[in-house]
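The next block is entry.cif, given as mmCIF, C-alpha atoms.
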```
data_entry
loop_
_atom_site.label_atom_id
_atom_site.label_comp_id
_atom_site.auth_asym_id
_atom_site.auth_seq_id
_atom_site.Cartn_x
_atom_site.Cartn_y
_atom_site.Cartn_z
CA MET E 1 167.68 145.85 263.74
CA ASP E 2 166.45 144.83 267.18
CA ILE E 3 165.84 141.36 268.52
CA ALA E 4 162.38 140.47 269.81
CA GLY E 5 161.56 142.38 272.98
CA LYS E 6 164.49 144.82 272.71
CA ARG E 7 164.19 148.18 270.97
CA PRO E 8 167.05 150.37 269.71
CA GLU E 9 167.46 153.48 271.84
CA THR E 10 166.78 155.70 268.85
CA VAL E 11 163.24 154.37 268.35
CA ASP E 12 160.46 156.86 269.10
CA ILE E 13 157.11 155.20 269.88
CA HIS E 14 154.15 157.33 270.93
CA PRO E 15 152.56 156.18 274.22
CA THR E 16 149.23 155.50 272.51
CA ALA E 17 150.73 153.18 269.87
CA LEU E 18 150.29 149.41 270.23
CA VAL E 19 153.49 147.69 269.14
CA ASP E 20 153.77 143.94 269.64
CA GLU E 21 156.94 143.08 271.54
CA ARG E 22 157.81 140.49 268.88
CA ALA E 23 157.90 143.05 266.04
CA ARG E 24 161.37 143.87 264.72
CA ILE E 25 162.11 147.58 264.78
CA GLY E 26 165.12 149.29 263.14
CA GLU E 27 167.12 152.33 264.17
CA ASN E 28 165.52 155.78 264.11
CA VAL E 29 161.99 154.46 263.56
CA ARG E 30 159.16 156.83 264.50
CA ILE E 31 155.76 155.38 265.33
CA GLY E 32 153.06 158.01 265.84
CA PRO E 33 149.89 158.04 267.92
CA TRP E 34 147.32 155.26 267.66
CA CYS E 35 149.40 153.08 265.37
CA GLN E 36 149.17 149.26 265.63
CA ILE E 37 152.08 146.99 264.75
CA GLY E 38 151.60 143.22 264.61
CA PRO E 39 153.95 140.50 265.89
CA HIS E 40 155.39 139.45 262.52
CA VAL E 41 156.14 142.96 261.24
CA THR E 42 159.63 144.24 260.39
CA LEU E 43 160.24 148.00 260.18
CA GLY E 44 163.55 149.03 258.58
CA ALA E 45 165.74 151.91 259.75
CA GLY E 46 164.18 155.35 259.53
CA VAL E 47 160.60 154.20 258.91
CA HIS E 48 158.09 156.89 259.86
CA LEU E 49 154.47 156.00 260.64
CA HIS E 50 152.64 159.29 261.14
CA ALA E 51 149.48 158.30 263.03
CA SER E 52 146.67 155.72 263.05
CA VAL E 53 148.61 153.35 260.79
CA ILE E 54 148.02 149.58 261.02
CA VAL E 55 150.77 147.21 259.87
CA ASP E 56 149.92 143.52 260.28
CA GLY E 57 150.75 140.08 258.94
CA HIS E 58 154.22 138.98 257.80
CA THR E 59 155.00 142.46 256.53
CA THR E 60 158.31 144.22 255.93
CA LEU E 61 158.71 147.97 255.41
CA GLY E 62 162.12 148.87 253.99
CA ASP E 63 164.43 151.62 255.22
CA GLY E 64 163.00 155.12 255.09
CA VAL E 65 159.43 154.18 254.22
CA GLU E 66 157.01 156.96 255.19
CA VAL E 67 153.35 156.14 255.88
CA TYR E 68 150.64 158.75 256.41
CA PRO E 69 147.52 158.44 258.61
CA PHE E 70 144.78 155.82 258.24
CA VAL E 71 146.82 153.45 256.08
CA THR E 72 146.59 149.67 256.49
CA ILE E 73 149.39 147.44 255.23
CA GLY E 74 149.53 143.64 255.29
CA MET E 75 145.93 142.99 256.27
CA ALA E 76 144.18 139.83 255.07
CA PRO E 77 143.25 139.84 251.37
CA GLN E 78 139.71 140.30 250.09
CA ASP E 79 139.68 136.80 248.65
CA LEU E 80 137.16 134.17 249.78
CA LYS E 81 139.76 131.42 249.22
CA TYR E 82 142.12 132.92 251.77
CA ALA E 83 142.26 130.74 254.90
CA GLY E 84 144.75 132.57 257.07
CA GLU E 85 147.97 131.33 255.42
CA PRO E 86 151.12 133.21 256.53
CA THR E 87 151.61 135.05 253.25
CA LEU E 88 153.83 138.09 252.79
CA CYS E 89 153.68 141.81 252.14
CA GLU E 90 156.73 143.96 251.33
CA VAL E 91 157.26 147.68 250.76
CA GLY E 92 160.63 148.78 249.38
CA ALA E 93 162.96 151.39 250.80
CA GLY E 94 162.11 155.05 250.34
CA THR E 95 158.50 154.51 249.32
CA VAL E 96 155.88 157.04 250.45
CA ILE E 97 152.32 155.89 251.16
CA ARG E 98 149.71 158.60 251.58
CA GLU E 99 146.44 158.74 253.51
CA ASN E 100 143.85 155.93 253.45
CA VAL E 101 145.84 153.57 251.23
CA THR E 102 145.18 149.83 251.67
CA ILE E 103 147.79 147.21 250.75
CA HIS E 104 146.80 143.57 251.32
CA ARG E 105 149.10 140.60 251.74
CA GLY E 106 149.33 137.79 249.18
CA THR E 107 147.44 134.52 248.88
CA ALA E 108 148.62 130.91 248.76
CA GLN E 109 146.88 130.55 245.38
CA GLY E 110 148.92 133.45 243.96
CA GLU E 111 152.45 134.67 244.57
CA ALA E 112 151.98 134.44 248.36
CA LEU E 113 153.43 137.95 248.24
CA THR E 114 152.25 141.49 247.64
CA ARG E 115 155.18 143.78 246.87
CA VAL E 116 155.55 147.52 246.36
CA GLY E 117 159.04 148.39 245.14
CA LYS E 118 161.56 151.03 246.14
CA ASN E 119 161.00 154.78 245.92
CA CYS E 120 157.35 154.50 244.89
CA LEU E 121 154.64 157.03 245.63
CA ILE E 122 151.20 155.61 246.43
CA MET E 123 148.80 158.54 246.72
CA ALA E 124 145.71 158.85 248.90
CA ASN E 125 142.86 156.31 248.79
CA ALA E 126 144.59 153.88 246.44
CA HIS E 127 144.15 150.13 246.86
CA VAL E 128 146.90 147.57 246.15
CA ALA E 129 145.23 144.16 246.20
CA HIS E 130 146.61 140.74 247.10
CA ASP E 131 149.50 139.35 245.03
CA CYS E 132 150.11 142.65 243.21
CA LEU E 133 153.75 143.20 242.26
CA LEU E 134 154.78 146.83 241.75
CA GLY E 135 158.29 147.68 240.56
CA ASP E 136 160.52 150.56 241.65
CA TYR E 137 159.73 154.26 241.11
CA VAL E 138 156.07 153.55 240.36
CA ILE E 139 153.59 156.39 240.94
CA VAL E 140 149.98 155.47 241.73
CA VAL E 141 147.73 158.53 241.87
CA ASN E 142 144.68 159.13 244.11
CA ASN E 143 141.77 156.66 244.10
CA VAL E 144 143.41 154.05 241.87
CA VAL E 145 142.12 150.53 242.48
CA MET E 146 143.85 147.29 241.49
CA GLY E 147 142.47 143.80 241.34
CA GLY E 148 144.55 140.88 242.58
CA HIS E 149 147.70 139.71 240.79
CA VAL E 150 148.30 142.98 238.93
CA GLN E 151 151.91 143.58 237.84
CA ILE E 152 153.25 147.10 237.26
CA GLY E 153 156.76 147.64 235.88
CA ASP E 154 159.43 150.06 237.04
CA GLY E 155 158.70 153.73 236.50
CA ALA E 156 155.11 153.27 235.37
CA ARG E 157 152.43 155.86 236.18
CA VAL E 158 148.79 155.07 236.95
CA MET E 159 146.75 158.27 237.02
CA GLY E 160 143.83 159.21 239.24
CA SER E 161 140.78 156.96 239.65
CA ALA E 162 142.01 154.37 237.16
CA ALA E 163 140.84 150.78 237.73
CA VAL E 164 143.18 147.92 236.82
CA HIS E 165 141.59 144.49 236.31
CA GLN E 166 143.03 141.46 238.08
CA PHE E 167 145.98 139.74 236.35
CA VAL E 168 146.68 142.76 234.13
CA ARG E 169 150.33 143.56 233.41
CA VAL E 170 151.42 147.20 232.98
CA GLY E 171 154.86 147.37 231.41
CA ARG E 172 157.85 149.40 232.51
CA GLY E 173 157.59 153.12 231.85
CA ALA E 174 153.94 152.95 230.74
CA VAL E 175 151.31 155.52 231.67
CA VAL E 176 147.64 154.78 232.38
CA GLY E 177 145.34 157.77 231.97
CA GLY E 178 142.97 158.99 234.66
CA VAL E 179 139.52 157.41 235.13
CA CYS E 180 140.62 154.61 232.83
CA GLY E 181 139.43 151.00 233.06
CA VAL E 182 142.35 148.72 232.15
CA GLU E 183 141.17 145.24 231.21
CA MET E 184 144.15 144.06 229.16
CA ASP E 185 147.96 144.30 229.33
CA VAL E 186 149.71 147.60 228.58
CA ILE E 187 152.98 147.28 226.69
CA PRO E 188 156.19 148.80 228.15
CA TYR E 189 156.32 152.58 227.52
CA GLY E 190 152.74 152.47 226.23
CA SER E 191 150.14 155.15 226.89
CA VAL E 192 146.48 154.19 227.36
CA LEU E 193 143.36 156.34 227.69
CA GLY E 194 139.62 155.92 227.69
CA ASN E 195 136.73 154.56 229.72
CA ARG E 196 137.92 151.16 228.52
CA ALA E 197 141.64 151.57 227.99
CA ARG E 198 142.92 151.81 224.45
CA LEU E 199 146.55 152.23 223.41
CA VAL E 200 147.05 155.74 222.00
CA GLY E 201 150.82 155.69 221.51
CA LEU E 202 153.94 155.50 223.62
CA ASN E 203 154.72 157.52 226.72
CA TRP E 204 156.81 160.08 224.87
CA VAL E 205 157.00 162.51 227.78
CA GLY E 206 158.25 159.81 230.12
CA LEU E 207 160.78 158.61 227.55
CA LYS E 208 162.16 162.14 227.11
CA ARG E 209 162.45 162.58 230.85
CA SER E 210 164.34 159.28 231.04
CA GLY E 211 166.99 160.60 228.67
CA VAL E 212 166.08 158.54 225.62
CA THR E 213 167.89 159.93 222.56
CA SER E 214 166.02 161.39 219.61
CA ASP E 215 167.35 158.62 217.35
CA GLU E 216 165.96 155.93 219.64
CA MET E 217 162.67 157.82 219.92
CA GLN E 218 162.39 157.81 216.14
CA ALA E 219 163.08 154.07 216.05
CA MET E 220 160.46 153.47 218.75
CA ARG E 221 157.94 155.54 216.81
CA LYS E 222 158.56 153.49 213.66
CA ALA E 223 158.37 150.25 215.62
CA PHE E 224 155.08 151.29 217.21
CA ARG E 225 153.55 152.22 213.84
CA THR E 226 154.57 148.82 212.50
CA LEU E 227 153.15 146.96 215.48
CA TYR E 228 149.94 149.04 215.51
CA PRO E 229 149.36 150.23 211.93
CA ARG E 230 146.66 152.72 211.11
CA HIS E 231 143.56 151.44 209.39
CA GLY E 232 144.33 150.15 205.92
CA GLN E 233 148.11 150.34 206.31
CA GLY E 234 148.80 146.75 207.33
CA ASN E 235 146.97 143.43 207.25
CA ASP E 236 149.66 141.16 208.69
CA VAL E 237 148.88 139.20 211.82
CA LEU E 238 150.45 140.50 215.02
CA GLU E 239 153.02 137.69 215.15
CA ALA E 240 154.34 138.70 211.75
CA ARG E 241 154.54 142.37 212.74
CA ILE E 242 156.44 141.45 215.91
CA ALA E 243 158.88 139.35 213.88
CA HIS E 244 159.42 142.23 211.44
CA VAL E 245 160.07 144.74 214.21
CA ARG E 246 162.43 142.35 215.98
CA GLN E 247 164.45 141.94 212.80
CA GLU E 248 164.62 145.70 212.18
CA TYR E 249 164.91 147.11 215.69
CA GLY E 250 165.43 144.19 218.07
CA HIS E 251 168.97 145.38 218.84
CA LEU E 252 167.52 148.33 220.78
CA PRO E 253 166.86 147.28 224.40
CA ARG E 254 163.60 149.18 224.92
CA ILE E 255 162.07 147.85 221.71
CA ALA E 256 163.26 144.32 222.54
CA GLU E 257 161.61 144.72 225.96
CA MET E 258 158.31 145.68 224.32
CA LEU E 259 158.46 142.68 222.00
CA ASP E 260 159.34 140.27 224.82
CA PHE E 261 156.39 141.62 226.82
CA MET E 262 154.01 141.15 223.89
CA GLU E 263 155.14 137.56 223.36
CA ALA E 264 155.08 136.58 227.04
CA PRO E 265 152.17 134.50 228.41
CA SER E 266 149.23 136.65 229.47
CA HIS E 267 146.01 136.06 231.38
CA ARG E 268 144.31 139.07 229.80
CA GLY E 269 145.77 139.67 226.33
CA LEU E 270 147.09 142.99 225.03
CA THR E 271 145.29 146.32 225.09
CA ARG E 272 144.07 147.21 221.62
CA ALA E 273 145.01 150.37 219.77
CA ALA E 274 142.64 153.34 219.74
CA ARG E 275 140.96 154.63 216.61
CA PRO E 276 143.43 156.27 214.22
CA ASP E 277 142.57 159.92 215.06
CA ALA E 278 143.08 159.36 218.80
CA GLN E 279 146.33 157.52 218.18
CA ALA E 280 147.65 160.30 215.99
CA GLU E 281 147.20 162.88 218.73
CA THR E 282 150.01 161.35 220.79
CA GLU E 283 152.59 161.04 218.03
CA GLY E 284 153.58 164.68 217.81
CA ALA E 285 155.50 164.48 221.08
#
```
Using structure tokens, write down the structure from this file.
Amino acid sequence: MDIAGKRPETVDIHPTALVDERARIGENVRIGPWCQIGPHVTLGAGVHLHASVIVDGHTTLGDGVEVYPFVTIGMAPQDLKYAGEPTLCEVGAGTVIRENVTIHRGTAQGEALTRVGKNCLIMANAHVAHDCLLGDYVIVVNNVVMGGHVQIGDGARVMGSAAVHQFVRVGRGAVVGGVCGVEMDVIPYGSVLGNRARLVGLNWVGLKRSGVTSDEMQAMRKAFRTLYPRHGQGNDVLEARIAHVRQEYGHLPRIAEMLDFMEAPSHRGLTRAARPDAQAETEGA
């Protein structure tokens, strides 16, 4: 990494780019035409900004981040309470950010940090709002919009044109269907669909791809059916169902993670299950 005012010899900056001399630039960074880099920006080794990219604020891009044209990262949040505080924005190593994405820095009233994890893919026209915290290996598909303070766990998928309400938590390995309005939390490994998101099962395809054994899949299926029984099959309150599942299956890490998520404090509550026929469609996986 350079010191202020001194660039590594391997840096390639296009003549039309505006790079503040105080920005910290790593080895083998490529900055394309018409890019703008602010004074408090740090670019890790091998970062590639294709063209017309703006990186501002106290923003750090990790090693190997690739950013396509017309992206803005670290700009001021769309929050009327924001008064210019020096809040942070971070993008983890190996993440790819496609055209027209906007990622805003945090607010003093929130985490004071917006973070996108390592090896994520943020597709074209998506918006990551202030104080959002995305884990590693997250995929956000075209035109997804997030309100402030959204949390998305490792390996989750948010499909095209979905809208995620502020303060919603999406658990690890979950999948949000396309054109889906998510107003409440999505449990780890859950699958939600609908104009207003409803839980239709677990993300069986994602679990298989992650190498989950058939025995654990069967246990997760039984745990899910206990937590979200079909109509007429269970009248216990949710707390009792959680306690039952923890006693039966709490030794399995993924099920324990689901239960911990469900019992954790929440601004929005948990997404409700879909009608029985829609839920059944996902259980043949």
| request: Run the PyMOL selection byres ((chain E and resi 189) around 10) mentally over the shown coordinates, then write out the matched residues as a PyMOL selection string, using the chain letters and numbers from the document. | output: chain E and resi 153+155-156+170-175+186-188+190-192+201-207+220+254-255+257-258
Dump of C-alpha atoms for the selected residues, as an mmCIF file, in the frame of the given file:
```cif
data_model
loop_
_atom_site.group_PDB
_atom_site.id
_atom_site.type_symbol
_atom_site.label_atom_id
_atom_site.label_comp_id
_atom_site.auth_asym_id
_atom_site.auth_seq_id
_atom_site.Cartn_x
_atom_site.Cartn_y
_atom_site.Cartn_z
ATOM 1 C CA GLY E 153 156.760 147.640 235.880
ATOM 2 C CA GLY E 155 158.700 153.730 236.500
ATOM 3 C CA ALA E 156 155.110 153.270 235.370
ATOM 4 C CA VAL E 170 151.420 147.200 232.980
ATOM 5 C CA GLY E 171 154.860 147.370 231.410
ATOM 6 C CA ARG E 172 157.850 149.400 232.510
ATOM 7 C CA GLY E 173 157.590 153.120 231.850
ATOM 8 C CA ALA E 174 153.940 152.950 230.740
ATOM 9 C CA VAL E 175 151.310 155.520 231.670
ATOM 10 C CA VAL E 186 149.710 147.600 228.580
ATOM 11 C CA ILE E 187 152.980 147.280 226.690
ATOM 12 C CA PRO E 188 156.190 148.800 228.150
ATOM 13 C CA GLY E 190 152.740 152.470 226.230
ATOM 14 C CA SER E 191 150.140 155.150 226.890
ATOM 15 C CA VAL E 192 146.480 154.190 227.360
ATOM 16 C CA GLY E 201 150.820 155.690 221.510
ATOM 17 C CA LEU E 202 153.940 155.500 223.620
ATOM 18 C CA ASN E 203 154.720 157.520 226.720
ATOM 19 C CA TRP E 204 156.810 160.080 224.870
ATOM 20 C CA VAL E 205 157.000 162.510 227.780
ATOM 21 C CA GLY E 206 158.250 159.810 230.120
ATOM 22 C CA LEU E 207 160.780 158.610 227.550
ATOM 23 C CA MET E 220 160.460 153.470 218.750
ATOM 24 C CA ARG E 254 163.600 149.180 224.920
ATOM 25 C CA ILE E 255 162.070 147.850 221.710
ATOM 26 C CA GLU E 257 161.610 144.720 225.960
ATOM 27 C CA MET E 258 158.310 145.680 224.320
#
```
| request: Quick one: everything within 6 Å of region 10-13 of chain E, counting only C-alpha atoms, minus sequence neighbours fewer than 6 positions away in the same chain. Send it as a ChimeraX atom specification. | output: /E:27-31
| request: Give the answer as one residue: which of E:Val41, E:Asp136, E:Lys6, E:Thr107 has the shortest atom-to-atom distance to Asn119 (chain E), using all atoms listed in the file? | output: E:Asp136
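For Tyr68 (chain E), the residues within 6 Å (counting all atoms listed in the file, excluding itself and residues fewer than 6 positions away along the chain) are His50, Arg98 and Glu99 of chain E.
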| Expanded to explicit residues, what is the PyMOL selection byres ((chain E and resi 92) around 10) for this file, as a list in words? | Gly44, Thr60, Leu61, Gly62, Asp63, Gly64, Val65, Glu90, Val91, Ala93, Gly94, Thr95, Val96, Arg115, Val116, Gly117, Lys118, Asn119, Cys120, Leu134, Gly135, Asp136 and Tyr137 of chain E
| task | Write out as an MDAnalysis selection string which residues come within 9 Å of Thr87 (chain E) when counting all atoms listed in the file, dropping same-chain ones fewer than 5 positions away. | result | chainID E and resid 57:59 105:108 111:114
The selected residues should be written to file as a compact mmCIF listing (two decimals), in the frame of the given file (atoms: C-alpha atoms).
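Writing the result to part37.txt gives the following:
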```txt
# COMPACT_ATOMS: atom_id res chain seq x y z
CA GLY E 57 150.75 140.08 258.94
CA HIS E 58 154.22 138.98 257.80
CA THR E 59 155.00 142.46 256.53
CA ARG E 105 149.10 140.60 251.74
CA GLY E 106 149.33 137.79 249.18
CA THR E 107 147.44 134.52 248.88
CA ALA E 108 148.62 130.91 248.76
CA GLU E 111 152.45 134.67 244.57
CA ALA E 112 151.98 134.44 248.36
CA LEU E 113 153.43 137.95 248.24
CA THR E 114 152.25 141.49 247.64
```
| Coordinates-based distance that separates CA of Val144 (chain E) from CA of Val101 (chain E) (Å, one decimal) | 9.7 Å
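Nearest to Lys81 (chain E) of all the residues E:Arg157, E:Gly110, E:Arg196, E:Val53 is E:Gly110, based on all atoms listed in the file.
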Emit as JSON the padded axis-aligned box for all listed atoms of region 106-118 of chain E, 3 Å per side, with centre and edge lengths in Å to one decimal.
```
{"center_x": 154.2, "center_y": 140.8, "center_z": 246.6, "size_x": 20.7, "size_y": 26.5, "size_z": 11.2}
```
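Using only C-alpha atoms, the nearest neighbour of Thr72 (chain E) within the list E:Asp185, E:Glu85, E:Asp56, E:Asp154 is E:Asp56.
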| query | Written as an NGL selection string, which residues does the PyMOL selection byres ((chain E and resi 103) around 7) give for the file shown? | reply | :E and (72-74 or 101-102 or 104-105 or 127-129)
Expected file for region 129-151 of chain E keeping N, CA, C and O atoms, as a PDB file, in the first residue's frame:
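Wrote part-v6.pdb, looks like this:
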```pdb
ATOM      1  N   ALA E 129     -28.248   0.293   0.777  1.00  0.00           N
ATOM      2  CA  ALA E 129     -28.457   1.536   1.515  1.00  0.00           C
ATOM      3  C   ALA E 129     -27.529   1.633   2.730  1.00  0.00           C
ATOM      4  O   ALA E 129     -26.783   0.710   3.062  1.00  0.00           O
ATOM      5  N   HIS E 130     -27.607   2.777   3.391  1.00  0.00           N
ATOM      6  CA  HIS E 130     -26.774   3.055   4.558  1.00  0.00           C
ATOM      7  C   HIS E 130     -26.957   2.017   5.656  1.00  0.00           C
ATOM      8  O   HIS E 130     -28.057   1.514   5.891  1.00  0.00           O
ATOM      9  N   ASP E 131     -25.848   1.653   6.288  1.00  0.00           N
ATOM     10  CA  ASP E 131     -25.820   0.751   7.442  1.00  0.00           C
ATOM     11  C   ASP E 131     -26.226  -0.682   7.117  1.00  0.00           C
ATOM     12  O   ASP E 131     -26.462  -1.481   8.026  1.00  0.00           O
ATOM     13  N   CYS E 132     -26.318  -1.031   5.826  1.00  0.00           N
ATOM     14  CA  CYS E 132     -26.547  -2.428   5.471  1.00  0.00           C
ATOM     15  C   CYS E 132     -25.280  -3.234   5.724  1.00  0.00           C
ATOM     16  O   CYS E 132     -24.166  -2.753   5.500  1.00  0.00           O
ATOM     17  N   LEU E 133     -25.458  -4.461   6.177  1.00  0.00           N
ATOM     18  CA  LEU E 133     -24.337  -5.358   6.462  1.00  0.00           C
ATOM     19  C   LEU E 133     -24.565  -6.654   5.699  1.00  0.00           C
ATOM     20  O   LEU E 133     -25.430  -7.454   6.062  1.00  0.00           O
ATOM     21  N   LEU E 134     -23.802  -6.854   4.633  1.00  0.00           N
ATOM     22  CA  LEU E 134     -23.906  -8.062   3.817  1.00  0.00           C
ATOM     23  C   LEU E 134     -22.728  -8.976   4.138  1.00  0.00           C
ATOM     24  O   LEU E 134     -21.585  -8.519   4.220  1.00  0.00           O
ATOM     25  N   GLY E 135     -22.999 -10.262   4.308  1.00  0.00           N
ATOM     26  CA  GLY E 135     -21.947 -11.222   4.593  1.00  0.00           C
ATOM     27  C   GLY E 135     -21.146 -11.580   3.358  1.00  0.00           C
ATOM     28  O   GLY E 135     -21.184 -10.900   2.331  1.00  0.00           O
ATOM     29  N   ASP E 136     -20.407 -12.681   3.442  1.00  0.00           N
ATOM     30  CA  ASP E 136     -19.572 -13.154   2.346  1.00  0.00           C
ATOM     31  C   ASP E 136     -20.389 -14.024   1.389  1.00  0.00           C
ATOM     32  O   ASP E 136     -21.373 -14.658   1.780  1.00  0.00           O
ATOM     33  N   TYR E 137     -19.975 -14.041   0.131  1.00  0.00           N
ATOM     34  CA  TYR E 137     -20.571 -14.901  -0.903  1.00  0.00           C
ATOM     35  C   TYR E 137     -22.062 -14.625  -1.107  1.00  0.00           C
ATOM     36  O   TYR E 137     -22.815 -15.510  -1.524  1.00  0.00           O
ATOM     37  N   VAL E 138     -22.487 -13.421  -0.845  1.00  0.00           N
ATOM     38  CA  VAL E 138     -23.875 -13.018  -1.099  1.00  0.00           C
ATOM     39  C   VAL E 138     -24.025 -12.662  -2.575  1.00  0.00           C
ATOM     40  O   VAL E 138     -23.142 -12.039  -3.174  1.00  0.00           O
ATOM     41  N   ILE E 139     -25.147 -13.054  -3.172  1.00  0.00           N
ATOM     42  CA  ILE E 139     -25.470 -12.652  -4.547  1.00  0.00           C
ATOM     43  C   ILE E 139     -26.739 -11.806  -4.510  1.00  0.00           C
ATOM     44  O   ILE E 139     -27.777 -12.239  -3.993  1.00  0.00           O
ATOM     45  N   VAL E 140     -26.627 -10.598  -5.040  1.00  0.00           N
ATOM     46  CA  VAL E 140     -27.750  -9.673  -5.152  1.00  0.00           C
ATOM     47  C   VAL E 140     -27.990  -9.447  -6.638  1.00  0.00           C
ATOM     48  O   VAL E 140     -27.117  -8.932  -7.344  1.00  0.00           O
ATOM     49  N   VAL E 141     -29.164  -9.838  -7.116  1.00  0.00           N
ATOM     50  CA  VAL E 141     -29.445  -9.835  -8.548  1.00  0.00           C
ATOM     51  C   VAL E 141     -29.953  -8.455  -8.983  1.00  0.00           C
ATOM     52  O   VAL E 141     -30.228  -7.579  -8.155  1.00  0.00           O
ATOM     53  N   ASN E 142     -30.072  -8.244 -10.278  1.00  0.00           N
ATOM     54  CA  ASN E 142     -30.405  -6.944 -10.862  1.00  0.00           C
ATOM     55  C   ASN E 142     -31.627  -6.295 -10.212  1.00  0.00           C
ATOM     56  O   ASN E 142     -32.622  -6.956  -9.921  1.00  0.00           O
ATOM     57  N   ASN E 143     -31.520  -4.975 -10.006  1.00  0.00           N
ATOM     58  CA  ASN E 143     -32.632  -4.113  -9.591  1.00  0.00           C
ATOM     59  C   ASN E 143     -33.116  -4.351  -8.171  1.00  0.00           C
ATOM     60  O   ASN E 143     -34.186  -3.859  -7.793  1.00  0.00           O
ATOM     61  N   VAL E 144     -32.356  -5.066  -7.365  1.00  0.00           N
ATOM     62  CA  VAL E 144     -32.734  -5.235  -5.957  1.00  0.00           C
ATOM     63  C   VAL E 144     -32.515  -3.920  -5.217  1.00  0.00           C
ATOM     64  O   VAL E 144     -31.514  -3.228  -5.437  1.00  0.00           O
ATOM     65  N   VAL E 145     -33.450  -3.569  -4.337  1.00  0.00           N
ATOM     66  CA  VAL E 145     -33.299  -2.371  -3.521  1.00  0.00           C
ATOM     67  C   VAL E 145     -33.409  -2.756  -2.048  1.00  0.00           C
ATOM     68  O   VAL E 145     -34.228  -3.589  -1.665  1.00  0.00           O
ATOM     69  N   MET E 146     -32.558  -2.145  -1.232  1.00  0.00           N
ATOM     70  CA  MET E 146     -32.547  -2.396   0.208  1.00  0.00           C
ATOM     71  C   MET E 146     -32.756  -1.092   0.940  1.00  0.00           C
ATOM     72  O   MET E 146     -32.164  -0.070   0.591  1.00  0.00           O
ATOM     73  N   GLY E 147     -33.582  -1.130   1.978  1.00  0.00           N
ATOM     74  CA  GLY E 147     -33.659  -0.007   2.885  1.00  0.00           C
ATOM     75  C   GLY E 147     -32.448  -0.009   3.814  1.00  0.00           C
ATOM     76  O   GLY E 147     -31.622  -0.919   3.794  1.00  0.00           O
ATOM     77  N   GLY E 148     -32.342   1.017   4.640  1.00  0.00           N
ATOM     78  CA  GLY E 148     -31.231   1.101   5.569  1.00  0.00           C
ATOM     79  C   GLY E 148     -31.256  -0.009   6.611  1.00  0.00           C
ATOM     80  O   GLY E 148     -32.303  -0.564   6.927  1.00  0.00           O
ATOM     81  N   HIS E 149     -30.071  -0.357   7.105  1.00  0.00           N
ATOM     82  CA  HIS E 149     -29.899  -1.265   8.235  1.00  0.00           C
ATOM     83  C   HIS E 149     -30.271  -2.710   7.927  1.00  0.00           C
ATOM     84  O   HIS E 149     -30.447  -3.513   8.850  1.00  0.00           O
ATOM     85  N   VAL E 150     -30.374  -3.071   6.667  1.00  0.00           N
ATOM     86  CA  VAL E 150     -30.654  -4.457   6.302  1.00  0.00           C
ATOM     87  C   VAL E 150     -29.425  -5.316   6.591  1.00  0.00           C
ATOM     88  O   VAL E 150     -28.288  -4.890   6.371  1.00  0.00           O
ATOM     89  N   GLN E 151     -29.641  -6.536   7.069  1.00  0.00           N
ATOM     90  CA  GLN E 151     -28.553  -7.488   7.293  1.00  0.00           C
ATOM     91  C   GLN E 151     -28.826  -8.743   6.468  1.00  0.00           C
ATOM     92  O   GLN E 151     -29.928  -9.301   6.516  1.00  0.00           O
TER      93      GLN E 151
END
```
